[in-house]
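Listing of target-v3.pdb, PDB, C-alpha atoms and all ligand atoms
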```pdb
MODEL        1
ATOM      1  CA  MET A   1       0.000   0.000   0.000
ATOM      2  CA  ILE A   2       1.281   3.451  -0.887
ATOM      3  CA  GLU A   3       1.567   5.788   2.060
ATOM      4  CA  ALA A   4      -0.397   9.018   1.849
ATOM      5  CA  PRO A   5       1.815  12.010   1.055
ATOM      6  CA  VAL A   6       2.904  14.154   3.980
ATOM      7  CA  PHE A   7       1.670  17.679   3.352
ATOM      8  CA  GLU A   8       3.836  20.085   5.266
ATOM      9  CA  LYS A   9       2.210  23.517   5.495
ATOM     10  CA  GLY A  10      -0.181  22.439   2.754
ATOM     11  CA  TYR A  11       2.415  21.473   0.178
ATOM     12  CA  PRO A  12       4.251  18.155  -0.129
ATOM     13  CA  SER A  13       7.750  17.456   1.061
ATOM     14  CA  HIS A  14      10.203  16.088  -1.502
ATOM     15  CA  ASP A  15      10.119  12.724   0.335
ATOM     16  CA  ALA A  16       6.344  12.620   0.198
ATOM     17  CA  VAL A  17       6.409  13.155  -3.546
ATOM     18  CA  ASN A  18       8.972  10.412  -3.990
ATOM     19  CA  ARG A  19       6.623   7.962  -2.273
ATOM     20  CA  LYS A  20       3.436   9.007  -4.075
ATOM     21  CA  PRO A  21       3.492   8.417  -7.832
ATOM     22  CA  ALA A  22       0.106   9.841  -8.878
ATOM     23  CA  MET A  23      -0.017  13.196  -7.166
ATOM     24  CA  LYS A  24      -2.318  16.014  -8.056
ATOM     25  CA  LEU A  25      -1.064  19.534  -8.548
ATOM     26  CA  ARG A  26      -2.286  21.983  -5.950
ATOM     27  CA  TYR A  27      -2.643  25.512  -7.286
ATOM     28  CA  SER A  28      -4.471  28.599  -6.204
ATOM     29  CA  GLU A  29      -5.262  30.192  -9.540
ATOM     30  CA  ALA A  30      -4.600  30.079 -13.266
ATOM     31  CA  PHE A  31      -5.311  33.034 -15.504
ATOM     32  CA  TYR A  32      -4.493  34.659 -18.831
ATOM     33  CA  SER A  33      -2.908  38.095 -18.794
ATOM     34  CA  VAL A  34       0.117  39.962 -20.077
ATOM     35  CA  GLN A  35       3.352  39.362 -18.243
ATOM     36  CA  GLY A  36       3.712  42.416 -16.011
ATOM     37  CA  GLU A  37       7.275  41.992 -14.725
ATOM     38  CA  GLY A  38      10.775  41.173 -15.857
ATOM     39  CA  ALA A  39      12.249  40.425 -19.256
ATOM     40  CA  TYR A  40       8.960  39.515 -20.977
ATOM     41  CA  VAL A  41       6.831  42.496 -19.948
ATOM     42  CA  GLY A  42       3.815  42.710 -22.233
ATOM     43  CA  VAL A  43       3.924  39.117 -23.512
ATOM     44  CA  PRO A  44       0.519  37.362 -23.442
ATOM     45  CA  SER A  45       0.905  34.599 -20.886
ATOM     46  CA  VAL A  46      -0.988  31.977 -18.952
ATOM     47  CA  PHE A  47      -0.040  32.037 -15.266
ATOM     48  CA  LEU A  48      -0.222  28.953 -13.093
ATOM     49  CA  ARG A  49       0.122  29.876  -9.427
ATOM     50  CA  THR A  50       1.178  26.809  -7.470
ATOM     51  CA  TYR A  51       0.296  26.518  -3.814
ATOM     52  CA  GLY A  52       2.815  26.713  -0.985
ATOM     53  CA  CYS A  53       6.006  28.576  -0.259
ATOM     54  CA  ASN A  54       8.972  27.996   2.016
ATOM     55  CA  PHE A  55       8.947  31.746   2.826
ATOM     56  CA  ARG A  56       6.379  34.171   4.276
ATOM     57  CA  CYS A  57       7.857  37.566   3.298
ATOM     58  CA  GLN A  58       5.553  39.076   5.892
ATOM     59  CA  ASN A  59       7.407  42.382   6.292
ATOM     60  CA  PHE A  60       7.067  43.921   2.824
ATOM     61  CA  GLY A  61       5.707  47.436   3.321
ATOM     62  CA  LEU A  62       6.185  47.371   7.112
ATOM     63  CA  PRO A  63       8.792  49.299   9.128
ATOM     64  CA  ARG A  64      12.307  48.066   8.397
ATOM     65  CA  GLY A  65      13.710  45.755  11.069
ATOM     66  CA  ARG A  66      10.313  44.611  12.323
ATOM     67  CA  GLU A  67      10.682  41.368  14.215
ATOM     68  CA  LYS A  68       9.496  38.298  12.357
ATOM     69  CA  THR A  69       6.206  36.943  13.662
ATOM     70  CA  ARG A  70       4.115  33.997  12.573
ATOM     71  CA  TYR A  71       1.777  36.050  10.398
ATOM     72  CA  ASN A  72       1.825  39.306   8.562
ATOM     73  CA  PRO A  73      -0.449  41.563  10.699
ATOM     74  CA  GLU A  74      -2.995  42.089   7.893
ATOM     75  CA  VAL A  75      -3.210  38.358   7.226
ATOM     76  CA  GLU A  76      -3.495  37.660  10.946
ATOM     77  CA  LYS A  77      -6.494  39.974  11.099
ATOM     78  CA  LEU A  78      -8.115  38.200   8.136
ATOM     79  CA  ILE A  79      -7.600  34.857   9.841
ATOM     80  CA  ASN A  80      -8.930  36.163  13.171
ATOM     81  CA  ASP A  81     -11.971  37.501  11.297
ATOM     82  CA  LYS A  82     -12.430  33.992   9.786
ATOM     83  CA  VAL A  83     -12.210  35.358   6.239
ATOM     84  CA  HIS A  84     -10.662  32.050   5.145
ATOM     85  CA  GLU A  85     -13.803  30.252   6.340
ATOM     86  CA  THR A  86     -16.423  32.668   5.049
ATOM     87  CA  THR A  87     -14.960  33.432   1.605
ATOM     88  CA  LYS A  88     -16.178  31.051  -1.087
ATOM     89  CA  THR A  89     -13.626  31.524  -3.868
ATOM     90  CA  PHE A  90      -9.998  32.562  -4.099
ATOM     91  CA  GLU A  91     -10.899  35.560  -6.302
ATOM     92  CA  ASP A  92     -13.195  36.944  -3.595
ATOM     93  CA  LEU A  93     -10.415  37.214  -1.009
ATOM     94  CA  PRO A  94      -9.380  40.738  -0.032
ATOM     95  CA  LEU A  95      -6.037  42.066  -1.240
ATOM     96  CA  VAL A  96      -3.478  43.211   1.303
ATOM     97  CA  PHE A  97      -1.137  46.215   1.369
ATOM     98  CA  THR A  98       1.769  44.545   3.176
ATOM     99  CA  GLY A  99       3.608  41.234   3.229
ATOM    100  CA  CYS A 100       3.402  38.633   0.469
ATOM    101  CA  ASP A 101       0.875  39.854  -2.124
ATOM    102  CA  THR A 102      -0.215  36.258  -2.817
ATOM    103  CA  TYR A 103      -0.759  35.406   0.853
ATOM    104  CA  ALA A 104      -3.542  32.926   0.121
ATOM    105  CA  SER A 105      -1.061  30.820  -1.857
ATOM    106  CA  ILE A 106       1.245  30.425   1.109
ATOM    107  CA  TYR A 107      -0.700  30.272   4.370
ATOM    108  CA  PRO A 108      -2.222  26.843   5.116
ATOM    109  CA  GLU A 109      -5.383  28.458   6.510
ATOM    110  CA  PHE A 110      -6.413  29.241   2.921
ATOM    111  CA  LYS A 111      -5.703  25.845   1.420
ATOM    112  CA  ASP A 112      -9.382  24.895   1.100
ATOM    113  CA  LEU A 113      -9.763  27.679  -1.466
ATOM    114  CA  VAL A 114      -7.189  26.223  -3.835
ATOM    115  CA  MET A 115      -7.484  23.520  -6.496
ATOM    116  CA  ASP A 116      -6.173  19.980  -6.474
ATOM    117  CA  LYS A 117      -6.138  18.598 -10.015
ATOM    118  CA  THR A 118      -4.647  15.827 -12.107
ATOM    119  CA  ILE A 119      -2.305  16.842 -14.903
ATOM    120  CA  ASP A 120      -5.051  16.136 -17.462
ATOM    121  CA  GLU A 121      -7.328  18.543 -15.629
ATOM    122  CA  VAL A 122      -4.577  21.155 -15.276
ATOM    123  CA  VAL A 123      -3.858  21.012 -19.018
ATOM    124  CA  ASP A 124      -7.574  21.398 -19.809
ATOM    125  CA  HIS A 125      -7.749  24.390 -17.500
ATOM    126  CA  LEU A 126      -4.625  26.079 -18.907
ATOM    127  CA  LEU A 127      -5.641  25.610 -22.538
ATOM    128  CA  SER A 128      -9.159  26.841 -21.862
ATOM    129  CA  LEU A 129      -7.563  30.182 -20.916
ATOM    130  CA  THR A 130      -5.656  30.651 -24.185
ATOM    131  CA  PRO A 131      -7.349  32.572 -27.035
ATOM    132  CA  GLU A 132      -7.320  29.617 -29.468
ATOM    133  CA  GLY A 133      -7.124  26.626 -27.093
ATOM    134  CA  LYS A 134      -3.458  26.092 -27.953
ATOM    135  CA  TRP A 135      -0.069  27.629 -27.203
ATOM    136  CA  THR A 136       1.021  28.535 -30.742
ATOM    137  CA  MET A 137      -1.591  30.575 -32.500
ATOM    138  CA  ASP A 138      -2.600  30.574 -36.154
ATOM    139  CA  ASN A 139      -0.760  33.880 -36.680
ATOM    140  CA  GLY A 140       2.523  32.269 -35.523
ATOM    141  CA  GLN A 141       2.638  34.045 -32.154
ATOM    142  CA  ASP A 142       2.896  31.972 -28.991
ATOM    143  CA  VAL A 143       1.411  32.286 -25.517
ATOM    144  CA  HIS A 144       3.961  31.884 -22.725
ATOM    145  CA  LEU A 145       3.373  29.705 -19.671
ATOM    146  CA  ILE A 146       4.484  31.212 -16.350
ATOM    147  CA  LEU A 147       4.906  28.897 -13.360
ATOM    148  CA  THR A 148       4.611  31.172 -10.370
ATOM    149  CA  GLY A 149       3.572  30.908  -6.764
ATOM    150  CA  GLY A 150       3.954  30.512  -4.002
ATOM    151  CA  GLU A 151       7.222  28.897  -4.884
ATOM    152  CA  PRO A 152       6.824  26.835  -8.089
ATOM    153  CA  LEU A 153      10.067  24.888  -7.628
ATOM    154  CA  LEU A 154       9.007  23.140  -4.451
ATOM    155  CA  ALA A 155       8.324  19.420  -4.841
ATOM    156  CA  TRP A 156       5.714  20.200  -7.535
ATOM    157  CA  GLN A 157       8.573  20.049 -10.024
ATOM    158  CA  ARG A 158       8.145  16.255  -9.910
ATOM    159  CA  LEU A 159       4.916  16.765 -11.853
ATOM    160  CA  TYR A 160       6.231  19.171 -14.435
ATOM    161  CA  ILE A 161       7.701  16.593 -16.810
ATOM    162  CA  GLU A 162       4.273  14.956 -17.021
ATOM    163  CA  LEU A 163       2.724  18.386 -17.542
ATOM    164  CA  PHE A 164       5.112  19.447 -20.300
ATOM    165  CA  GLU A 165       5.039  16.060 -22.032
ATOM    166  CA  HIS A 166       1.241  15.986 -22.170
ATOM    167  CA  PRO A 167       0.150  15.593 -25.830
ATOM    168  CA  ARG A 168      -1.760  18.882 -25.735
ATOM    169  CA  MET A 169       1.346  20.799 -24.576
ATOM    170  CA  LYS A 170       3.485  19.935 -27.606
ATOM    171  CA  ASP A 171       3.215  23.397 -29.172
ATOM    172  CA  LEU A 172       4.306  25.198 -25.986
ATOM    173  CA  ARG A 173       7.376  27.302 -26.828
ATOM    174  CA  ASN A 174       8.182  29.356 -23.728
ATOM    175  CA  VAL A 175       8.104  28.554 -20.020
ATOM    176  CA  THR A 176       9.192  30.882 -17.212
ATOM    177  CA  PHE A 177       9.696  29.823 -13.604
ATOM    178  CA  GLU A 178       9.228  32.747 -11.227
ATOM    179  CA  THR A 179      11.224  31.492  -8.275
ATOM    180  CA  ASN A 180      12.640  32.784  -5.013
ATOM    181  CA  THR A 181      15.820  30.866  -5.953
ATOM    182  CA  THR A 182      16.141  28.722  -2.848
ATOM    183  CA  GLN A 183      15.113  25.332  -4.251
ATOM    184  CA  PHE A 184      17.490  23.073  -6.152
ATOM    185  CA  LEU A 185      16.225  21.416  -9.317
ATOM    186  CA  HIS A 186      15.570  17.703  -8.940
ATOM    187  CA  THR A 187      18.191  15.768 -10.895
ATOM    188  CA  GLU A 188      15.609  14.252 -13.219
ATOM    189  CA  PHE A 189      13.914  17.582 -13.891
ATOM    190  CA  ALA A 190      17.236  19.368 -14.514
ATOM    191  CA  ASP A 191      18.145  16.629 -16.977
ATOM    192  CA  TYR A 192      14.764  17.051 -18.689
ATOM    193  CA  LEU A 193      15.230  20.821 -19.055
ATOM    194  CA  LYS A 194      18.771  20.368 -20.357
ATOM    195  CA  ASN A 195      18.173  17.554 -22.800
ATOM    196  CA  ARG A 196      14.543  16.936 -23.651
ATOM    197  CA  ALA A 197      12.399  20.027 -23.213
ATOM    198  CA  ARG A 198      11.173  21.404 -26.550
ATOM    199  CA  PHE A 199      10.471  24.877 -25.169
ATOM    200  CA  LYS A 200      12.734  27.685 -24.089
ATOM    201  CA  THR A 201      13.126  27.857 -20.298
ATOM    202  CA  THR A 202      13.601  31.096 -18.400
ATOM    203  CA  PHE A 203      14.396  31.350 -14.701
ATOM    204  CA  SER A 204      13.069  34.640 -13.353
ATOM    205  CA  CYS A 205      14.983  34.646 -10.073
ATOM    206  CA  SER A 206      13.645  36.873  -7.324
ATOM    207  CA  PRO A 207      15.805  36.381  -4.221
ATOM    208  CA  LYS A 208      14.298  38.095  -1.226
ATOM    209  CA  LEU A 209      16.094  40.958   0.539
ATOM    210  CA  SER A 210      15.875  41.696   4.270
ATOM    211  CA  VAL A 211      13.026  44.162   3.651
ATOM    212  CA  SER A 212      10.853  41.077   3.063
ATOM    213  CA  GLY A 213      11.519  39.786   6.580
ATOM    214  CA  GLU A 214      13.479  36.768   5.331
ATOM    215  CA  SER A 215      17.121  36.413   6.363
ATOM    216  CA  TRP A 216      20.133  36.710   4.076
ATOM    217  CA  THR A 217      21.242  33.186   4.983
ATOM    218  CA  ASP A 218      17.884  31.723   3.999
ATOM    219  CA  ALA A 219      17.323  33.858   0.920
ATOM    220  CA  ILE A 220      20.626  34.436  -0.876
ATOM    221  CA  LYS A 221      21.661  31.047  -2.235
ATOM    222  CA  PRO A 222      24.369  31.311  -4.903
ATOM    223  CA  ASP A 223      24.624  27.504  -5.086
ATOM    224  CA  VAL A 224      20.944  27.279  -6.058
ATOM    225  CA  ALA A 225      21.338  30.000  -8.683
ATOM    226  CA  ALA A 226      24.367  28.115 -10.023
ATOM    227  CA  ASN A 227      22.187  25.010 -10.234
ATOM    228  CA  TYR A 228      19.713  26.894 -12.503
ATOM    229  CA  ARG A 229      22.601  28.390 -14.481
ATOM    230  CA  SER A 230      23.806  24.855 -15.209
ATOM    231  CA  VAL A 231      20.785  24.509 -17.506
ATOM    232  CA  LEU A 232      22.844  26.078 -20.260
ATOM    233  CA  ASN A 233      20.032  26.352 -22.810
ATOM    234  CA  ALA A 234      17.913  28.362 -20.338
ATOM    235  CA  ASP A 235      17.783  32.132 -19.847
ATOM    236  CA  MET A 236      18.082  33.576 -16.381
ATOM    237  CA  TYR A 237      17.806  36.980 -14.764
ATOM    238  CA  PHE A 238      17.521  38.405 -11.266
ATOM    239  CA  LYS A 239      14.580  40.552 -10.199
ATOM    240  CA  PHE A 240      14.841  42.243  -6.811
ATOM    241  CA  VAL A 241      11.910  43.945  -5.081
ATOM    242  CA  VAL A 242      13.184  47.223  -3.657
ATOM    243  CA  ALA A 243      11.795  50.397  -2.098
ATOM    244  CA  ASP A 244      14.818  52.625  -1.538
ATOM    245  CA  SER A 245      18.603  53.020  -1.676
ATOM    246  CA  ILE A 246      19.105  50.837   1.420
ATOM    247  CA  ASP A 247      17.559  47.919  -0.464
ATOM    248  CA  VAL A 248      19.688  48.676  -3.515
ATOM    249  CA  GLU A 249      22.862  48.505  -1.413
ATOM    250  CA  GLU A 250      21.734  45.032  -0.412
ATOM    251  CA  VAL A 251      21.156  44.198  -4.087
ATOM    252  CA  ASP A 252      24.775  45.216  -4.734
ATOM    253  CA  ARG A 253      25.964  42.769  -2.065
ATOM    254  CA  ALA A 254      23.761  39.979  -3.388
ATOM    255  CA  VAL A 255      24.902  40.519  -6.964
ATOM    256  CA  GLU A 256      28.504  40.410  -5.739
ATOM    257  CA  ALA A 257      27.818  37.107  -3.944
ATOM    258  CA  TYR A 258      26.275  35.592  -7.083
ATOM    259  CA  ARG A 259      29.096  36.867  -9.292
ATOM    260  CA  ALA A 260      31.650  35.371  -6.885
ATOM    261  CA  ASN A 261      30.002  32.049  -7.719
ATOM    262  CA  GLY A 262      30.294  32.642 -11.454
ATOM    263  CA  ILE A 263      26.735  33.833 -12.038
ATOM    264  CA  ASN A 264      26.480  36.828 -14.309
ATOM    265  CA  CYS A 265      23.072  37.695 -15.683
ATOM    266  CA  PRO A 266      20.836  40.737 -16.089
ATOM    267  CA  VAL A 267      19.616  42.356 -12.872
ATOM    268  CA  TYR A 268      16.226  44.070 -12.655
ATOM    269  CA  LEU A 269      14.943  46.302  -9.876
ATOM    270  CA  MET A 270      11.191  46.168  -9.319
ATOM    271  CA  PRO A 271       9.284  48.653  -7.132
ATOM    272  CA  MET A 272       7.750  47.305  -3.949
ATOM    273  CA  GLY A 273       3.963  47.406  -3.807
ATOM    274  CA  GLY A 274       1.502  44.742  -4.824
ATOM    275  CA  ARG A 275      -1.295  47.316  -4.832
ATOM    276  CA  THR A 276      -1.620  50.557  -6.784
ATOM    277  CA  GLU A 277      -1.340  52.734  -3.673
ATOM    278  CA  GLY A 278       2.030  51.312  -2.572
ATOM    279  CA  TYR A 279       3.393  50.880  -6.096
ATOM    280  CA  ASN A 280       2.823  54.537  -7.009
ATOM    281  CA  LEU A 281       4.843  55.621  -3.983
ATOM    282  CA  THR A 282       8.007  53.816  -5.062
ATOM    283  CA  VAL A 283       7.922  53.467  -8.854
ATOM    284  CA  GLN A 284       9.746  56.673  -9.844
ATOM    285  CA  GLU A 285      12.354  56.427  -7.114
ATOM    286  CA  VAL A 286      13.200  52.839  -8.059
ATOM    287  CA  ALA A 287      13.506  53.748 -11.752
ATOM    288  CA  LYS A 288      16.023  56.472 -10.816
ATOM    289  CA  LEU A 289      17.974  54.112  -8.555
ATOM    290  CA  ALA A 290      18.136  51.529 -11.346
ATOM    291  CA  MET A 291      19.448  54.080 -13.845
ATOM    292  CA  ALA A 292      22.088  55.310 -11.394
ATOM    293  CA  LYS A 293      23.450  51.799 -10.913
ATOM    294  CA  GLY A 294      23.074  50.484 -14.456
ATOM    295  CA  TYR A 295      20.531  47.902 -13.311
ATOM    296  CA  ARG A 296      17.453  47.310 -15.419
ATOM    297  CA  PHE A 297      14.097  48.600 -14.253
ATOM    298  CA  THR A 298      10.974  46.519 -14.440
ATOM    299  CA  PRO A 299       7.528  47.922 -13.801
ATOM    300  CA  ARG A 300       4.606  45.953 -12.451
ATOM    301  CA  LEU A 301       2.661  46.550 -15.628
ATOM    302  CA  HIS A 302      -0.370  44.561 -14.493
ATOM    303  CA  ILE A 303      -0.920  47.042 -11.657
ATOM    304  CA  SER A 304      -0.945  49.997 -14.058
ATOM    305  CA  LEU A 305      -3.203  48.126 -16.486
ATOM    306  CA  PHE A 306      -5.636  46.386 -14.178
ATOM    307  CA  GLY A 307      -5.213  47.951 -10.713
ATOM    308  CA  ASN A 308      -5.727  45.843  -7.631
ATOM    309  CA  ALA A 309      -7.136  42.492  -8.710
ATOM    310  CA  TRP A 310      -6.489  38.792  -8.501
ATOM    311  CA  GLY A 311      -6.056  37.042 -11.825
ATOM    312  CA  THR A 312      -3.943  39.728 -13.478
TER     313      THR A 312
HETATM  314  S1  LIG B 401       8.810  34.071  -1.888
HETATM  315 FE1  LIG B 401       7.147  35.015  -3.091
HETATM  316  S2  LIG B 401       5.362  33.688  -2.782
HETATM  317 FE2  LIG B 401       6.876  33.147  -1.204
HETATM  318  S3  LIG B 401       6.260  34.367   0.559
HETATM  319 FE3  LIG B 401       7.802  35.540  -0.565
HETATM  320  S4  LIG B 401       6.643  36.879  -1.946
HETATM  321 FE4  LIG B 401       5.254  35.271  -1.230
ENDMDL
END
```

For the file at hand, write its structure as C-alpha cells.
Amino acid sequence: MIEAPVFEKGYPSHDAVNRKPAMKLRYSEAFYSVQGEGAYVGVPSVFLRTYGCNFRCQNFGLPRGREKTRYNPEVEKLINDKVHETTKTFEDLPLVFTGCDTYASIYPEFKDLVMDKTIDEVVDHLLSLTPEGKWTMDNGQDVHLILTGGEPLLAWQRLYIELFEHPRMKDLRNVTFETNTTQFLHTEFADYLKNRARFKTTFSCSPKLSVSGESWTDAIKPDVAANYRSVLNADMYFKFVVADSIDVEEVDRAVEAYRANGINCPVYLMPMGGRTEGYNLTVQEVAKLAMAKGYRFTPRLHISLFGNAWGT
C-alpha cells in the first residue's frame, strides 16, 4: 500500500512526492494576462500559481527591522476575522497592502480555497484560458506559460515533466519559472530541461532581501542559482523587489555574492507594492535608482493596467 503524502504547510515534502506516484497539482489560480514583470513584460501569458512557499515575506511594506512573527499583521487579522472560512472563492479574497501579495497561496489556513487537479485537468484548465485553445496561435505568435507561486520549484517540479510532455502541450514554446531561488532542481527535472524540453526555459529569479523579513542566509543562495545556471540552454535573470537606496545597497551585495560564484546575468529592480497605492509611492524612485546603478528597471505593468485584482 502506498503511504499518503505528507503535506507540510499544505504542500508536499520532496520525500512525500517520492513515495506518491500519482499526485495532483495543488494551485491557487490560473489566468491569462500579459506578463507584467521582468524580461517579458507585455507578452501574453498563462499564469499557473502553485500553492505553498517555504517563505512568508511578511514584512514587505512594514517598518524596516520589524521582528518576524508567525503572520503578517494584515493576514493575521483576516484569519482572526475567519475570512478564510467565510470566503467562497480565491478571487473573492481581499487584497493586502503589506507582506506577500499572494498570501492565500502560502498560508495553510487558505488551502481549502485552492485547487487539487490531475495533470489532465490542469492542461484542460490552462488551454481553456488561451485565445485559441493552444499555445502557438494561427498567426505564428505563442502564448507563454508562467509557473509562479507561491514557490513553483518546491516538490511540484516532480509533476512538471508529465505536464510538459502531455500531448496537448506539444506546441508550448516558452516557459518561465518565477522562483525565489532557494530550491534546487531535482536531478531528473534538470536533466529534462537540459536535454529533452522542446520549449525555451527562463528562470526569473527573485531572491528576497531583508526588507521582506526573510534572512540573508535563507534567501541568498548562490549555489541554487548556479544550479539553474547549469541549464545552459535556459535564460536567467535576477529581479529584486526594492523600495529605496538601502535595499539597492543590499542588491549590490547579493549581486557580488552571485558573481563570486560565477553567475552573471541581467539584474532588474522592481518597485515594492503589490497594490496601486504602494506601487505609485516607489515606482519613480526605483527607476532612478536603477538608472544610477546600471541595473534594469521593471515595472509591475499589471498594476498599471488592471489595478488591484487577482487574476492579473
Ligand atoms: S517568496 Fe514570493 S510567494 Fe513566497 S512568501 Fe515571498 S513573496 Fe510570497

Result set of the PyMOL selection byres (((chain A and resi 127-137) around 9) and not hetatm) on the coordinates above, as a PyMOL selection string: chain A and resi 30-32+45-46+122-126+138-145+168-173

Can you list, as an mmCIF file with C-alpha atoms, in the frame of the given file, the residues that the PyMOL selection byres (((chain A and resi 268) around 6) and not hetatm) selects here?
```cif
data_model
loop_
_atom_site.group_PDB
_atom_site.id
_atom_site.type_symbol
_atom_site.label_atom_id
_atom_site.label_comp_id
_atom_site.auth_asym_id
_atom_site.auth_seq_id
_atom_site.Cartn_x
_atom_site.Cartn_y
_atom_site.Cartn_z
ATOM 1 C CA PHE A 238 17.521 38.405 -11.266
ATOM 2 C CA LYS A 239 14.580 40.552 -10.199
ATOM 3 C CA VAL A 267 19.616 42.356 -12.872
ATOM 4 C CA LEU A 269 14.943 46.302 -9.876
ATOM 5 C CA TYR A 295 20.531 47.902 -13.311
ATOM 6 C CA ARG A 296 17.453 47.310 -15.419
ATOM 7 C CA PHE A 297 14.097 48.600 -14.253
#
```

Hey, which bits of chain A sit within 9 Å of ligand LIG 401 (chain B), and for each residue what's the closest pair of atoms and how far apart in Å (one decimal), counting all atoms listed in the file, rows by chain and increasing number, as CSV?
```
residue,atom,partner,partner_atom,distance
A:Tyr51,CA,B:LIG401,S2,8.8
A:Gly52,CA,B:LIG401,FE2,7.6
A:Cys53,CA,B:LIG401,FE2,4.7
A:Asn54,CA,B:LIG401,FE2,6.4
A:Phe55,CA,B:LIG401,S3,4.4
A:Arg56,CA,B:LIG401,S3,3.7
A:Cys57,CA,B:LIG401,FE3,4.4
A:Gln58,CA,B:LIG401,S3,7.1
A:Phe60,CA,B:LIG401,S4,8.5
A:Gly99,CA,B:LIG401,S4,7.4
A:Cys100,CA,B:LIG401,FE4,4.2
A:Asp101,CA,B:LIG401,FE4,6.4
A:Thr102,CA,B:LIG401,FE4,5.8
A:Tyr103,CA,B:LIG401,FE4,6.4
A:Ser105,CA,B:LIG401,S2,7.1
A:Ile106,CA,B:LIG401,S3,6.4
A:Tyr107,CA,B:LIG401,S3,8.9
A:Thr148,CA,B:LIG401,S2,8.0
A:Gly149,CA,B:LIG401,S2,5.2
A:Gly150,CA,B:LIG401,S2,3.7
A:Glu151,CA,B:LIG401,S2,5.6
A:Pro152,CA,B:LIG401,S2,8.8
A:Glu178,CA,B:LIG401,FE1,8.7
A:Thr179,CA,B:LIG401,S1,7.3
A:Asn180,CA,B:LIG401,S1,5.1
A:Thr181,CA,B:LIG401,S1,8.7
A:Ser206,CA,B:LIG401,S1,7.8
A:Pro207,CA,B:LIG401,S1,7.7
A:Lys208,CA,B:LIG401,S1,6.8
A:Ser212,CA,B:LIG401,FE3,7.3
A:Glu214,CA,B:LIG401,FE3,8.3
A:Ala219,CA,B:LIG401,S1,9.0
```

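Of the listed residues A:Thr176, A:Asn233, A:Thr298, A:Asn261, the one whose atoms come nearest to A:Ser204 is A:Thr176, with distances taken using all atoms listed in the file.
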
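The space separating atom CA of A:Phe184 from atom CA of A:Asn227 comes to 6.5 Å.
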
Residues within 12 Å of A:Ser210, all atoms listed in the file, excluding chain neighbours under 4 positions, as a ChimeraX atom specification: /A:57-68,214-220,240-243,246-251,253-254

Å distance separating atom CA of A:Thr87 from atom CA of A:Ala309, one decimal place: 15.8 Å

Shell around A:Glu121 at 12 Å using all atoms listed in the file, local window under 6 positions removed, as a ChimeraX atom specification: /A:24-27,115,127-128,163,166,168

Among listed residues A:Leu193, A:Pro299, A:Glu188, A:Phe177, nearest A:Met236 (using all atoms listed in the file):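 Of all the options, A:Phe177 lies closest to A:Met236.
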
Distance in Å - atom CA of A:Ala260 versus atom CA of A:Ala292: 22.6 Å

Pick from A:Leu289, A:Asp244, A:Thr276, A:Val283 nearest to A:Ile303, counting only C-alpha atoms: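 Smallest separation from A:Ile303 among the options: A:Thr276.
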
Listed atoms of stretch 229-238 of chain A boxed along x, y and z, 6 Å each side, centre and edge lengths in Å, one decimal, as JSON:
```
{"center_x": 20.7, "center_y": 31.5, "center_z": -17.0, "size_x": 18.3, "size_y": 25.9, "size_z": 23.5}
```

Where does the PyMOL selection byres (((chain A and resi 78-81) around 12) and not hetatm) land in this file, that is, which residues does it pick, as a PDB file with C-alpha atoms, in the frame of the given file?
```pdb
ATOM      1  CA  TYR A  71       1.777  36.050  10.398  1.00  0.00           C
ATOM      2  CA  ASN A  72       1.825  39.306   8.562  1.00  0.00           C
ATOM      3  CA  PRO A  73      -0.449  41.563  10.699  1.00  0.00           C
ATOM      4  CA  GLU A  74      -2.995  42.089   7.893  1.00  0.00           C
ATOM      5  CA  VAL A  75      -3.210  38.358   7.226  1.00  0.00           C
ATOM      6  CA  GLU A  76      -3.495  37.660  10.946  1.00  0.00           C
ATOM      7  CA  LYS A  77      -6.494  39.974  11.099  1.00  0.00           C
ATOM      8  CA  LYS A  82     -12.430  33.992   9.786  1.00  0.00           C
ATOM      9  CA  VAL A  83     -12.210  35.358   6.239  1.00  0.00           C
ATOM     10  CA  HIS A  84     -10.662  32.050   5.145  1.00  0.00           C
ATOM     11  CA  GLU A  85     -13.803  30.252   6.340  1.00  0.00           C
ATOM     12  CA  THR A  86     -16.423  32.668   5.049  1.00  0.00           C
ATOM     13  CA  THR A  87     -14.960  33.432   1.605  1.00  0.00           C
ATOM     14  CA  LEU A  93     -10.415  37.214  -1.009  1.00  0.00           C
ATOM     15  CA  PRO A  94      -9.380  40.738  -0.032  1.00  0.00           C
ATOM     16  CA  LEU A  95      -6.037  42.066  -1.240  1.00  0.00           C
ATOM     17  CA  VAL A  96      -3.478  43.211   1.303  1.00  0.00           C
ATOM     18  CA  TYR A 103      -0.759  35.406   0.853  1.00  0.00           C
ATOM     19  CA  ALA A 104      -3.542  32.926   0.121  1.00  0.00           C
ATOM     20  CA  TYR A 107      -0.700  30.272   4.370  1.00  0.00           C
ATOM     21  CA  PRO A 108      -2.222  26.843   5.116  1.00  0.00           C
ATOM     22  CA  GLU A 109      -5.383  28.458   6.510  1.00  0.00           C
ATOM     23  CA  PHE A 110      -6.413  29.241   2.921  1.00  0.00           C
TER      24      PHE A 110
END
```

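With all atoms listed in the file as the atoms that count, the residue of A:Ser28, A:Gln183, A:Cys205, A:Thr282 with the shortest distance to A:Asp112 is A:Ser28.
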
Residue with smallest distance to A:His302 - pool A:Leu147, A:Met270, A:Val34, A:Ala39, counting all atoms listed in the file: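 Under the stated criterion, the closest residue is A:Val34.
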
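Nearest to A:Glu165 of all the residues A:Arg198, A:Ala225, A:Ala190, A:Asp92 is A:Arg198, counting only C-alpha atoms.
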
Distance query 9 Å from (0.3, 48.6, -10.4) using only C-alpha atoms, result as a VMD selection string: chain A and resid 273 to 280 299 to 308

For the residues selected in the previous step, produce a file with C-alpha atoms as a compact mmCIF listing (two decimals), in the frame of the given file.
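As a result, part.txt now contains:
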```txt
# COMPACT_ATOMS: atom_id res chain seq x y z
CA GLY A 273 3.96 47.41 -3.81
CA GLY A 274 1.50 44.74 -4.82
CA ARG A 275 -1.30 47.32 -4.83
CA THR A 276 -1.62 50.56 -6.78
CA GLU A 277 -1.34 52.73 -3.67
CA GLY A 278 2.03 51.31 -2.57
CA TYR A 279 3.39 50.88 -6.10
CA ASN A 280 2.82 54.54 -7.01
CA PRO A 299 7.53 47.92 -13.80
CA ARG A 300 4.61 45.95 -12.45
CA LEU A 301 2.66 46.55 -15.63
CA HIS A 302 -0.37 44.56 -14.49
CA ILE A 303 -0.92 47.04 -11.66
CA SER A 304 -0.94 50.00 -14.06
CA LEU A 305 -3.20 48.13 -16.49
CA PHE A 306 -5.64 46.39 -14.18
CA GLY A 307 -5.21 47.95 -10.71
CA ASN A 308 -5.73 45.84 -7.63
```
